[in-house]
Structure formats: C-alpha cells, structure tokens
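Undergrad: My structure is in coords_36.cif, and what it holds is mmCIF, C-alpha atoms and all ligand atoms; chains and numbers go by the auth columns:
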data_my_file
#
loop_
_atom_site.group_PDB
_atom_site.id
_atom_site.type_symbol
_atom_site.label_atom_id
_atom_site.label_comp_id
_atom_site.label_asym_id
_atom_site.label_seq_id
_atom_site.Cartn_x
_atom_site.Cartn_y
_atom_site.Cartn_z
_atom_site.B_iso_or_equiv
_atom_site.auth_seq_id
_atom_site.auth_asym_id
ATOM 1 C CA MET A 1 -34.868 -2.683 11.869 0.00 41 A
ATOM 2 C CA ILE A 2 -31.393 -4.113 12.309 0.00 42 A
ATOM 3 C CA ASP A 3 -30.910 -6.146 15.425 0.00 43 A
ATOM 4 C CA LYS A 4 -27.656 -6.266 17.329 0.00 44 A
ATOM 5 C CA SER A 5 -27.018 -9.936 16.689 0.00 45 A
ATOM 6 C CA SER A 6 -27.138 -9.485 12.896 0.00 46 A
ATOM 7 C CA ILE A 7 -24.666 -6.577 13.128 0.00 47 A
ATOM 8 C CA LYS A 8 -22.350 -8.696 15.247 0.00 48 A
ATOM 9 C CA GLU A 9 -22.686 -11.529 12.756 0.00 49 A
ATOM 10 C CA PHE A 10 -21.891 -9.166 9.878 0.00 50 A
ATOM 11 C CA LEU A 11 -18.800 -7.800 11.672 0.00 51 A
ATOM 12 C CA LEU A 12 -17.530 -11.291 12.447 0.00 52 A
ATOM 13 C CA ARG A 13 -18.027 -12.378 8.840 0.00 53 A
ATOM 14 C CA GLN A 14 -15.558 -9.700 7.718 0.00 54 A
ATOM 15 C CA ILE A 15 -12.759 -11.398 9.653 0.00 55 A
ATOM 16 C CA PRO A 16 -11.032 -13.956 7.411 0.00 56 A
ATOM 17 C CA ARG A 17 -11.474 -17.629 8.220 0.00 57 A
ATOM 18 C CA PRO A 18 -8.306 -19.203 9.690 0.00 58 A
ATOM 19 C CA GLU A 19 -7.570 -21.144 6.502 0.00 59 A
ATOM 20 C CA ALA A 20 -8.120 -18.118 4.204 0.00 60 A
ATOM 21 C CA SER A 21 -5.191 -16.197 2.756 0.00 61 A
ATOM 22 C CA CYS A 22 -4.018 -13.505 5.188 0.00 62 A
ATOM 23 C CA LEU A 23 -4.941 -9.917 4.327 0.00 63 A
ATOM 24 C CA CYS A 24 -1.319 -8.778 4.797 0.00 64 A
ATOM 25 C CA GLY A 25 -0.404 -10.397 1.472 0.00 65 A
ATOM 26 C CA SER A 26 2.102 -12.836 2.976 0.00 66 A
ATOM 27 C CA GLY A 27 0.480 -15.793 1.193 0.00 67 A
ATOM 28 C CA ILE A 28 0.248 -17.547 4.572 0.00 68 A
ATOM 29 C CA GLU A 29 -3.071 -18.690 6.093 0.00 69 A
ATOM 30 C CA PHE A 30 -4.651 -16.029 8.315 0.00 70 A
ATOM 31 C CA GLY A 31 -4.711 -18.462 11.253 0.00 71 A
ATOM 32 C CA LYS A 32 -0.942 -18.979 11.013 0.00 72 A
ATOM 33 C CA CYS A 33 -0.074 -15.350 10.165 0.00 73 A
ATOM 34 C CA CYS A 34 -1.741 -12.236 11.615 0.00 74 A
ATOM 35 C CA ARG A 35 -4.665 -13.664 13.581 0.00 75 A
ATOM 36 C CA GLU A 36 -2.849 -13.783 16.921 0.00 76 A
ATOM 37 C CA ASN A 37 -0.906 -10.579 16.295 0.00 77 A
ATOM 38 C CA ILE A 38 -3.738 -8.183 15.494 0.00 78 A
ATOM 39 C CA ALA A 39 -5.002 -8.214 19.104 0.00 79 A
ATOM 40 C CA HIS A 40 -1.769 -6.885 20.635 0.00 80 A
ATOM 41 C CA VAL A 41 -0.138 -5.108 17.705 0.00 81 A
ATOM 42 C CA ASP A 42 0.105 -1.762 19.544 0.00 82 A
ATOM 43 C CA SER A 43 1.679 -3.102 22.717 0.00 83 A
ATOM 44 C CA ARG A 44 5.402 -3.256 21.882 0.00 84 A
ATOM 45 C CA ARG A 45 7.719 -0.422 21.043 0.00 85 A
ATOM 46 C CA VAL A 46 9.086 -0.512 17.513 0.00 86 A
ATOM 47 C CA ASP A 47 12.711 0.041 18.611 0.00 87 A
ATOM 48 C CA SER A 48 12.697 -3.125 20.744 0.00 88 A
ATOM 49 C CA LEU A 49 11.726 -5.357 17.829 0.00 89 A
ATOM 50 C CA SER A 50 13.925 -7.545 15.652 0.00 90 A
ATOM 51 C CA PRO A 51 13.460 -7.142 11.873 0.00 91 A
ATOM 52 C CA ALA A 52 11.321 -10.319 11.793 0.00 92 A
ATOM 53 C CA GLU A 53 9.153 -9.062 14.674 0.00 93 A
ATOM 54 C CA LEU A 54 8.832 -5.698 12.976 0.00 94 A
ATOM 55 C CA LEU A 55 7.652 -7.451 9.801 0.00 95 A
ATOM 56 C CA ALA A 56 5.027 -9.349 11.826 0.00 96 A
ATOM 57 C CA LYS A 57 3.886 -6.072 13.376 0.00 97 A
ATOM 58 C CA LYS A 58 3.627 -4.264 10.031 0.00 98 A
ATOM 59 C CA ARG A 59 1.705 -7.195 8.570 0.00 99 A
ATOM 60 C CA ALA A 60 -0.690 -7.186 11.531 0.00 100 A
ATOM 61 C CA LEU A 61 -1.298 -3.427 11.263 0.00 101 A
ATOM 62 C CA LEU A 62 -2.237 -3.775 7.603 0.00 102 A
ATOM 63 C CA THR A 63 -4.427 -6.798 8.274 0.00 103 A
ATOM 64 C CA ARG A 64 -6.239 -5.134 11.158 0.00 104 A
ATOM 65 C CA TYR A 65 -6.980 -2.012 9.138 0.00 105 A
ATOM 66 C CA SER A 66 -8.110 -4.128 6.182 0.00 106 A
ATOM 67 C CA ILE A 67 -10.641 -5.827 8.467 0.00 107 A
ATOM 68 C CA TRP A 68 -11.845 -2.427 9.750 0.00 108 A
ATOM 69 C CA HIS A 69 -12.241 -1.301 6.151 0.00 109 A
ATOM 70 C CA ARG A 70 -14.394 -4.353 5.372 0.00 110 A
ATOM 71 C CA GLN A 71 -16.438 -3.945 8.535 0.00 111 A
ATOM 72 C CA HIS A 72 -17.137 -0.227 8.328 0.00 112 A
ATOM 73 C CA THR A 73 -16.269 1.502 5.062 0.00 113 A
ATOM 74 C CA ARG A 74 -17.698 -1.022 2.616 0.00 114 A
ATOM 75 C CA LEU A 75 -20.987 -0.971 4.493 0.00 115 A
ATOM 76 C CA LEU A 76 -21.093 2.830 4.714 0.00 116 A
ATOM 77 C CA ILE A 77 -20.439 3.193 0.964 0.00 117 A
ATOM 78 C CA GLN A 78 -23.592 1.178 0.324 0.00 118 A
ATOM 79 C CA ARG A 79 -25.737 3.048 2.831 0.00 119 A
ATOM 80 C CA ASP A 80 -24.437 6.606 2.527 0.00 120 A
ATOM 81 C CA PRO A 81 -22.167 7.066 -0.521 0.00 121 A
ATOM 82 C CA ASP A 82 -21.008 10.605 0.407 0.00 122 A
ATOM 83 C CA ALA A 83 -19.984 9.671 3.943 0.00 123 A
ATOM 84 C CA GLY A 84 -18.587 6.391 2.615 0.00 124 A
ATOM 85 C CA GLU A 85 -16.384 8.271 0.129 0.00 125 A
ATOM 86 C CA LYS A 86 -14.909 10.387 2.944 0.00 126 A
ATOM 87 C CA LEU A 87 -14.106 7.311 4.977 0.00 127 A
ATOM 88 C CA LEU A 88 -12.729 5.601 1.871 0.00 128 A
ATOM 89 C CA GLN A 89 -10.311 8.482 1.298 0.00 129 A
ATOM 90 C CA LEU A 90 -9.044 8.094 4.860 0.00 130 A
ATOM 91 C CA ASP A 91 -8.664 4.355 4.310 0.00 131 A
ATOM 92 C CA LEU A 92 -6.733 4.852 1.073 0.00 132 A
ATOM 93 C CA ALA A 93 -4.287 7.182 2.840 0.00 133 A
ATOM 94 C CA ALA A 94 -3.945 4.979 5.926 0.00 134 A
ATOM 95 C CA MET A 95 -3.557 1.749 3.976 0.00 135 A
ATOM 96 C CA SER A 96 -0.932 3.369 1.742 0.00 136 A
ATOM 97 C CA ASP A 97 1.019 4.311 4.877 0.00 137 A
ATOM 98 C CA PHE A 98 0.761 0.735 6.127 0.00 138 A
ATOM 99 C CA VAL A 99 1.980 -0.643 2.779 0.00 139 A
ATOM 100 C CA ASP A 100 4.868 1.822 2.951 0.00 140 A
ATOM 101 C CA GLY A 101 5.747 0.485 6.417 0.00 141 A
ATOM 102 C CA LEU A 102 5.366 -3.079 5.204 0.00 142 A
ATOM 103 C CA MET A 103 7.748 -2.389 2.317 0.00 143 A
ATOM 104 C CA ALA A 104 10.352 -1.030 4.770 0.00 144 A
ATOM 105 C CA ALA A 105 9.965 -4.181 6.883 0.00 145 A
ATOM 106 C CA TYR A 106 10.454 -6.415 3.828 0.00 146 A
ATOM 107 C CA ASN A 107 13.542 -4.380 3.012 0.00 147 A
ATOM 108 C CA ALA A 108 14.899 -4.760 6.572 0.00 148 A
ATOM 109 C CA THR A 109 14.500 -8.542 6.344 0.00 149 A
ATOM 110 C CA SER A 110 16.093 -8.641 2.840 0.00 150 A
ATOM 111 C CA MET A 111 12.813 -9.911 1.392 0.00 151 A
ATOM 112 C CA LEU A 112 12.022 -6.955 -0.834 0.00 152 A
ATOM 113 C CA GLU A 113 12.312 -9.129 -3.942 0.00 153 A
ATOM 114 C CA ASP A 114 9.182 -10.981 -2.761 0.00 154 A
ATOM 115 C CA PHE A 115 7.282 -7.734 -2.418 0.00 155 A
ATOM 116 C CA ALA A 116 5.880 -7.662 -5.968 0.00 156 A
ATOM 117 C CA THR A 117 3.927 -10.852 -5.224 0.00 157 A
ATOM 118 C CA VAL A 118 2.778 -9.446 -1.878 0.00 158 A
ATOM 119 C CA LEU A 119 1.491 -6.308 -3.593 0.00 159 A
ATOM 120 C CA GLU A 120 -0.547 -8.276 -6.121 0.00 160 A
ATOM 121 C CA ARG A 121 -2.225 -10.108 -3.228 0.00 161 A
ATOM 122 C CA LEU A 122 -3.136 -6.746 -1.651 0.00 162 A
ATOM 123 C CA ARG A 123 -5.129 -5.565 -4.679 0.00 163 A
ATOM 124 C CA GLY A 124 -8.319 -7.078 -3.271 0.00 164 A
ATOM 125 C CA ASN A 125 -8.080 -5.266 0.086 0.00 165 A
ATOM 126 C CA ILE A 126 -9.869 -2.157 -1.211 0.00 166 A
ATOM 127 C CA GLU A 127 -12.281 -2.361 -4.115 0.00 167 A
ATOM 128 C CA ASP A 128 -11.508 0.984 -5.693 0.00 168 A
ATOM 129 C CA GLU A 129 -9.611 2.111 -8.790 0.00 169 A
ATOM 130 C CA ARG A 130 -7.465 4.490 -6.715 0.00 170 A
ATOM 131 C CA TRP A 131 -6.206 1.537 -4.669 0.00 171 A
ATOM 132 C CA GLN A 132 -5.316 -0.366 -7.838 0.00 172 A
ATOM 133 C CA ARG A 133 -3.292 2.638 -9.006 0.00 173 A
ATOM 134 C CA LYS A 134 -1.600 2.899 -5.608 0.00 174 A
ATOM 135 C CA ILE A 135 -0.564 -0.752 -5.789 0.00 175 A
ATOM 136 C CA THR A 136 0.931 -0.154 -9.243 0.00 176 A
ATOM 137 C CA TYR A 137 2.791 2.845 -7.803 0.00 177 A
ATOM 138 C CA PHE A 138 4.226 0.600 -5.068 0.00 178 A
ATOM 139 C CA GLN A 139 5.203 -1.961 -7.732 0.00 179 A
ATOM 140 C CA ALA A 140 7.253 0.708 -9.499 0.00 180 A
ATOM 141 C CA LEU A 141 8.704 2.023 -6.233 0.00 181 A
ATOM 142 C CA SER A 142 9.702 -1.389 -4.895 0.00 182 A
ATOM 143 C CA VAL A 143 11.400 -2.636 -8.079 0.00 183 A
ATOM 144 C CA SER A 144 13.384 0.573 -8.370 0.00 184 A
ATOM 145 C CA LEU A 145 14.410 0.322 -4.708 0.00 185 A
ATOM 146 C CA ALA A 146 14.888 -3.449 -4.482 0.00 186 A
ATOM 147 C CA LEU A 147 16.473 -4.276 -7.770 0.00 187 A
ATOM 148 C CA GLY A 148 17.555 -0.876 -9.034 0.00 188 A
ATOM 149 C CA ASP A 149 15.638 -1.920 -12.116 0.00 189 A
ATOM 150 C CA ILE A 150 14.756 1.475 -13.543 0.00 190 A
ATOM 151 C CA GLU A 151 13.399 0.072 -16.822 0.00 191 A
ATOM 152 C CA ARG A 152 10.950 -2.227 -15.037 0.00 192 A
ATOM 153 C CA ALA A 153 9.953 0.565 -12.670 0.00 193 A
ATOM 154 C CA ARG A 154 9.296 2.841 -15.656 0.00 194 A
ATOM 155 C CA ALA A 155 7.202 0.141 -17.332 0.00 195 A
ATOM 156 C CA GLU A 156 5.121 -0.128 -14.140 0.00 196 A
ATOM 157 C CA ILE A 157 4.574 3.587 -13.639 0.00 197 A
ATOM 158 C CA LYS A 158 3.720 4.066 -17.329 0.00 198 A
ATOM 159 C CA LYS A 159 0.687 1.840 -16.787 0.00 199 A
ATOM 160 C CA LEU A 160 -0.774 4.775 -14.849 0.00 200 A
ATOM 161 C CA LEU A 161 -0.628 7.178 -17.803 0.00 201 A
ATOM 162 C CA PRO A 162 -2.333 9.466 -18.590 0.00 202 A
ATOM 163 C CA PHE A 163 -2.264 11.216 -15.223 0.00 203 A
ATOM 164 C CA SER A 164 -5.364 13.079 -14.141 0.00 204 A
ATOM 165 C CA ASP A 165 -5.448 16.621 -12.721 0.00 205 A
ATOM 166 C CA ASN A 166 -5.789 15.263 -9.202 0.00 206 A
ATOM 167 C CA GLU A 167 -3.162 12.544 -9.567 0.00 207 A
ATOM 168 C CA ASP A 168 -1.571 11.281 -6.385 0.00 208 A
ATOM 169 C CA SER A 169 1.487 13.455 -5.631 0.00 209 A
ATOM 170 C CA ALA A 170 3.712 10.501 -4.682 0.00 210 A
ATOM 171 C CA THR A 171 2.962 8.895 -8.052 0.00 211 A
ATOM 172 C CA LEU A 172 3.868 12.083 -9.920 0.00 212 A
ATOM 173 C CA GLN A 173 7.078 12.464 -7.937 0.00 213 A
ATOM 174 C CA LEU A 174 8.158 8.886 -8.614 0.00 214 A
ATOM 175 C CA TYR A 175 7.376 9.270 -12.324 0.00 215 A
ATOM 176 C CA LEU A 176 9.551 12.372 -12.501 0.00 216 A
ATOM 177 C CA GLU A 177 12.351 10.725 -10.530 0.00 217 A
ATOM 178 C CA LEU A 178 12.340 7.655 -12.772 0.00 218 A
ATOM 179 C CA TYR A 179 12.553 9.785 -15.896 0.00 219 A
ATOM 180 C CA SER A 180 14.995 12.361 -14.542 0.00 220 A
ATOM 181 C CA VAL A 181 17.609 9.593 -14.040 0.00 221 A
ATOM 182 C CA ASP A 182 18.002 9.305 -17.787 0.00 222 A
ATOM 183 C CA LEU A 183 17.807 13.032 -18.313 0.00 223 A
ATOM 184 C CA SER A 184 20.489 13.861 -15.766 0.00 224 A
ATOM 185 C CA PHE A 185 22.712 11.073 -17.123 0.00 225 A
ATOM 186 C CA SER A 186 22.630 12.287 -20.731 0.00 226 A
ATOM 187 C CA THR A 187 22.785 15.985 -19.977 0.00 227 A
ATOM 188 C CA ARG A 188 25.652 15.502 -17.540 0.00 228 A
ATOM 189 C CA GLN A 189 27.904 14.463 -20.391 0.00 229 A
ATOM 190 C CA ASP A 190 26.769 16.891 -23.053 0.00 230 A
ATOM 191 C CA ILE A 191 25.835 20.088 -21.327 0.00 231 A
ATOM 192 C CA ASP A 192 28.054 22.170 -19.138 0.00 232 A
ATOM 193 C CA ARG A 193 25.531 23.266 -16.579 0.00 233 A
ATOM 194 C CA PRO A 194 25.864 24.651 -13.094 0.00 234 A
ATOM 195 C CA GLU A 195 25.805 22.203 -10.190 0.00 235 A
ATOM 196 C CA THR A 196 22.455 21.800 -8.553 0.00 236 A
ATOM 197 C CA THR A 197 21.757 20.459 -5.115 0.00 237 A
ATOM 198 C CA GLY A 198 19.382 17.830 -6.464 0.00 238 A
ATOM 199 C CA PRO A 199 16.639 17.235 -8.980 0.00 239 A
ATOM 200 C CA ASP A 200 13.842 19.753 -8.816 0.00 240 A
ATOM 201 C CA LEU A 201 10.769 17.592 -8.914 0.00 241 A
ATOM 202 C CA LYS A 202 8.174 20.323 -8.820 0.00 242 A
ATOM 203 C CA LEU A 203 5.824 20.410 -11.763 0.00 243 A
ATOM 204 C CA VAL A 204 6.064 23.572 -13.804 0.00 244 A
HETATM 205 ZN ZN ZN B . -0.687 -11.796 7.833 0.00 1 B
#
Go through the file and emit its structure as structure tokens.
Ligand SMILES: [Zn+2]

TA:
Amino acid sequence: MIDKSSIKEFLLRQIPRPEASCLCGSGIEFGKCCRENIAHVDSRRVDSLSPAELLAKKRALLTRYSIWHRQHTRLLIQRDPDAGEKLLQLDLAAMSDFVDGLMAAYNATSMLEDFATVLERLRGNIEDERWQRKITYFQALSVSLALGDIERARAEIKKLLPFSDNEDSATLQLYLELYSVDLSFSTRQDIDRPETTGPDLKLV
C-alpha cells in the first residue's frame, strides 16, 4: 500500500532543485528562472505584458507543464501503459503548443537565434521518440523563420525522413513548404502558369 507521505515525497522530487537547469530550456538555474513564476503564471493578462515579461510567462508555462508531466504521466505509463499513452498524447500536444508560444516570445525579444540551443535543452522534457521528432521539427521551423536559412531548415527536416503514415501534420506541412520554395522559384521562370493564390500544401 502506498502511503500519502511517499506520494508527496515522489511529487516533490519531480520539481527541479534550485541549482538544476530550468526545464524551460533557458540554461538558467531553476531557482533563478521559473521557480517563482510558476505559482502565479496565470494571473496576468498577456496584453499587459512587456516582451520580456511575456517570455518569462511562456517559460513558466512550459516549466510547470513539464513538472506535471514528470509527476503524473511518467508514473502512469509505468503503472497503466494504455492510460499512460493517452495522457502522453495530450502532453505531447500541450507541450508542443507551449514550445510554439515560447518560440514566439523569443522572436518578440529578438532572441530567436538562441532558440536552437533552447530546443536541444528541451529534448529531455519528454522521454518519447515523438517528442524528439517534434523538437527537430521546431529546429527546422525556427531556423527558417529566424535566419531565413532554408538550406539548414531542409537539412533539419530531412532528419525526420522517411515519414510514417501517421506523421505529424505540422511536420508534413513544413516539409512541403520548405521544398515548394525551390519549386515555385524555378517554375516561375520557366513555366507560364496561371497565378495561384498560394501554395497548395495538401498531400495528393
Ligand atoms: Zn525557466
């Protein structure tokens, strides 16, 4: 039988120590980064925040969810794999949204060039192959957005080949966008084709 004090101890152990690297990927110690912010991260409206405050908020949201994931999902996966998998899928979607928000905050503070390093630090937040692939997707997305470096973005997204039948739709869309740049550039000069309103990214 599990007693309450051992559960509490387990939950507390999932919170990083103050001197450990923060789970938001900033590279700053948890005690000097998100520790104070995670308690009141919901309290302020986004539109009243400066870009730096928004970055702190987005970091805290990701850190808080990462702690929840450690406290609940990792344990459930061990005890009840089917239920754990369902929770893990929710975590993958939620954490991806938080990384998306974090990327926007890095962009707003003109720090997007640091984001590749941040992403590599986030690889350990979920121990699952799908998370690793999602991080690689964000690597490709951020270098194409931040640096306009299409070649580097293509090199990143190609690491995910071959795609599976249930490949993440955002990954497929980015892959097609990165390769349609070249296609539209070469065909624009050679082929007299009717104007389109934009690239059709649907798979045929
Ligand atoms: Zn942090």

Undergrad: With all atoms listed in the file as the counted atoms, please give the residues lying no more than 9 Å from Thr157 of chain A, apart from itself and same-chain residues fewer than 5 positions off, as a compact mmCIF listing (two decimals) with C-alpha atoms, in the coordinates of the input.

TA:
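Result written to part_8.txt:
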# COMPACT_ATOMS: atom_id res chain seq x y z
CA GLY A 65 -0.40 -10.40 1.47
CA SER A 66 2.10 -12.84 2.98
CA GLY A 67 0.48 -15.79 1.19
CA LEU A 162 -3.14 -6.75 -1.65

Undergrad: What separation in Å, quoted to one decimal, exists between atom CA of Tyr215 of chain A and atom CA of Leu128 of chain A?

TA: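 Atom-to-atom, atom CA of Tyr215 of chain A to atom CA of Leu128 of chain A, that is 24.9 Å.
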
Undergrad: Run through the PyMOL selection byres (((chain A and resi 108) around 12) and not hetatm) on the given coordinates and return the selected residues as a ChimeraX atom specification.

TA: /A:51-56,63,78,101-107,109-116,127-128,130-131,134-135,165-166

Undergrad: Which residues of chain A come within 6 Å of ligand ZN 1 (chain B), and for each one, what is the closest pair of atoms and their distance in Å to one decimal, counting only C-alpha atoms and all ligand atoms, sorted by chain and residue number, as a Markdown table?

TA:
| residue | atom | partner | partner_atom | distance |
| --- | --- | --- | --- | --- |
| A:Cys62 | CA | B:ZN1 | ZN | 4.6 |
| A:Leu63 | CA | B:ZN1 | ZN | 5.8 |
| A:Cys64 | CA | B:ZN1 | ZN | 4.3 |
| A:Ser66 | CA | B:ZN1 | ZN | 5.7 |
| A:Phe70 | CA | B:ZN1 | ZN | 5.8 |
| A:Cys73 | CA | B:ZN1 | ZN | 4.3 |
| A:Cys74 | CA | B:ZN1 | ZN | 4.0 |
| A:Arg99 | CA | B:ZN1 | ZN | 5.2 |
| A:Ala100 | CA | B:ZN1 | ZN | 5.9 |

Undergrad: Go ahead and find all residues with at least one atom no further than 12 Å from (-1.5, 9.8, -9.3) in the file's coordinates, using only C-alpha atoms; report them as a ChimeraX atom specification.

TA: /A:169-178,197-216

Undergrad: Store the residues of this selection in a file with C-alpha atoms, as a short mmCIF file (atom, residue, chain, number, x, y, z; two decimals), keeping the file's coordinate frame.

TA:
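Final output, saved to out_14.cif:
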data_model
loop_
_atom_site.label_atom_id
_atom_site.label_comp_id
_atom_site.auth_asym_id
_atom_site.auth_seq_id
_atom_site.Cartn_x
_atom_site.Cartn_y
_atom_site.Cartn_z
CA GLU A 169 -9.61 2.11 -8.79
CA ARG A 170 -7.46 4.49 -6.72
CA TRP A 171 -6.21 1.54 -4.67
CA GLN A 172 -5.32 -0.37 -7.84
CA ARG A 173 -3.29 2.64 -9.01
CA LYS A 174 -1.60 2.90 -5.61
CA ILE A 175 -0.56 -0.75 -5.79
CA THR A 176 0.93 -0.15 -9.24
CA TYR A 177 2.79 2.84 -7.80
CA PHE A 178 4.23 0.60 -5.07
CA ILE A 197 4.57 3.59 -13.64
CA LYS A 198 3.72 4.07 -17.33
CA LYS A 199 0.69 1.84 -16.79
CA LEU A 200 -0.77 4.78 -14.85
CA LEU A 201 -0.63 7.18 -17.80
CA PRO A 202 -2.33 9.47 -18.59
CA PHE A 203 -2.26 11.22 -15.22
CA SER A 204 -5.36 13.08 -14.14
CA ASP A 205 -5.45 16.62 -12.72
CA ASN A 206 -5.79 15.26 -9.20
CA GLU A 207 -3.16 12.54 -9.57
CA ASP A 208 -1.57 11.28 -6.38
CA SER A 209 1.49 13.46 -5.63
CA ALA A 210 3.71 10.50 -4.68
CA THR A 211 2.96 8.90 -8.05
CA LEU A 212 3.87 12.08 -9.92
CA GLN A 213 7.08 12.46 -7.94
CA LEU A 214 8.16 8.89 -8.61
CA TYR A 215 7.38 9.27 -12.32
CA LEU A 216 9.55 12.37 -12.50
#

Undergrad: Considering all atoms listed in the file, state which residue in the set A:Ala60, A:Ala96, A:Leu218, A:Met143 is at the smallest distance from Glu76 of chain A.

TA: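 Smallest distance to Glu76 of chain A is found for A:Ala96.
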
Undergrad: Could you jot down the atom CA of Glu217 of chain A to atom CA of Arg194 of chain A separation for me, Å, one decimal place?

TA: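 Going from atom CA of Glu217 of chain A over to atom CA of Arg194 of chain A, I get 9.9 Å.
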
Undergrad: What does the distance between atom CA of Lys98 of chain A and atom CA of Leu185 of chain A come to in Å, to one decimal place?

TA: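 One can read the atom CA of Lys98 of chain A to atom CA of Leu185 of chain A distance as 18.8 Å.
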
Undergrad: With a distance cut-off of 10 Å and only C-alpha atoms, select the neighbouring residues of Ala92 of chain A, excluding the residue or stretch itself and same-chain residues fewer than 5 positions from it, and output the selection as a JSON list (two decimals) with C-alpha atoms, keeping the file's coordinate frame.

TA:
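Result file follows (selection.json):
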[["chain", "number", "residue", "atom", "x", "y", "z"],
["A", 97, "LYS", "CA", 3.89, -6.07, 13.38],
["A", 98, "LYS", "CA", 3.63, -4.26, 10.03],
["A", 145, "ALA", "CA", 9.96, -4.18, 6.88],
["A", 146, "TYR", "CA", 10.45, -6.42, 3.83],
["A", 148, "ALA", "CA", 14.90, -4.76, 6.57],
["A", 149, "THR", "CA", 14.50, -8.54, 6.34]]
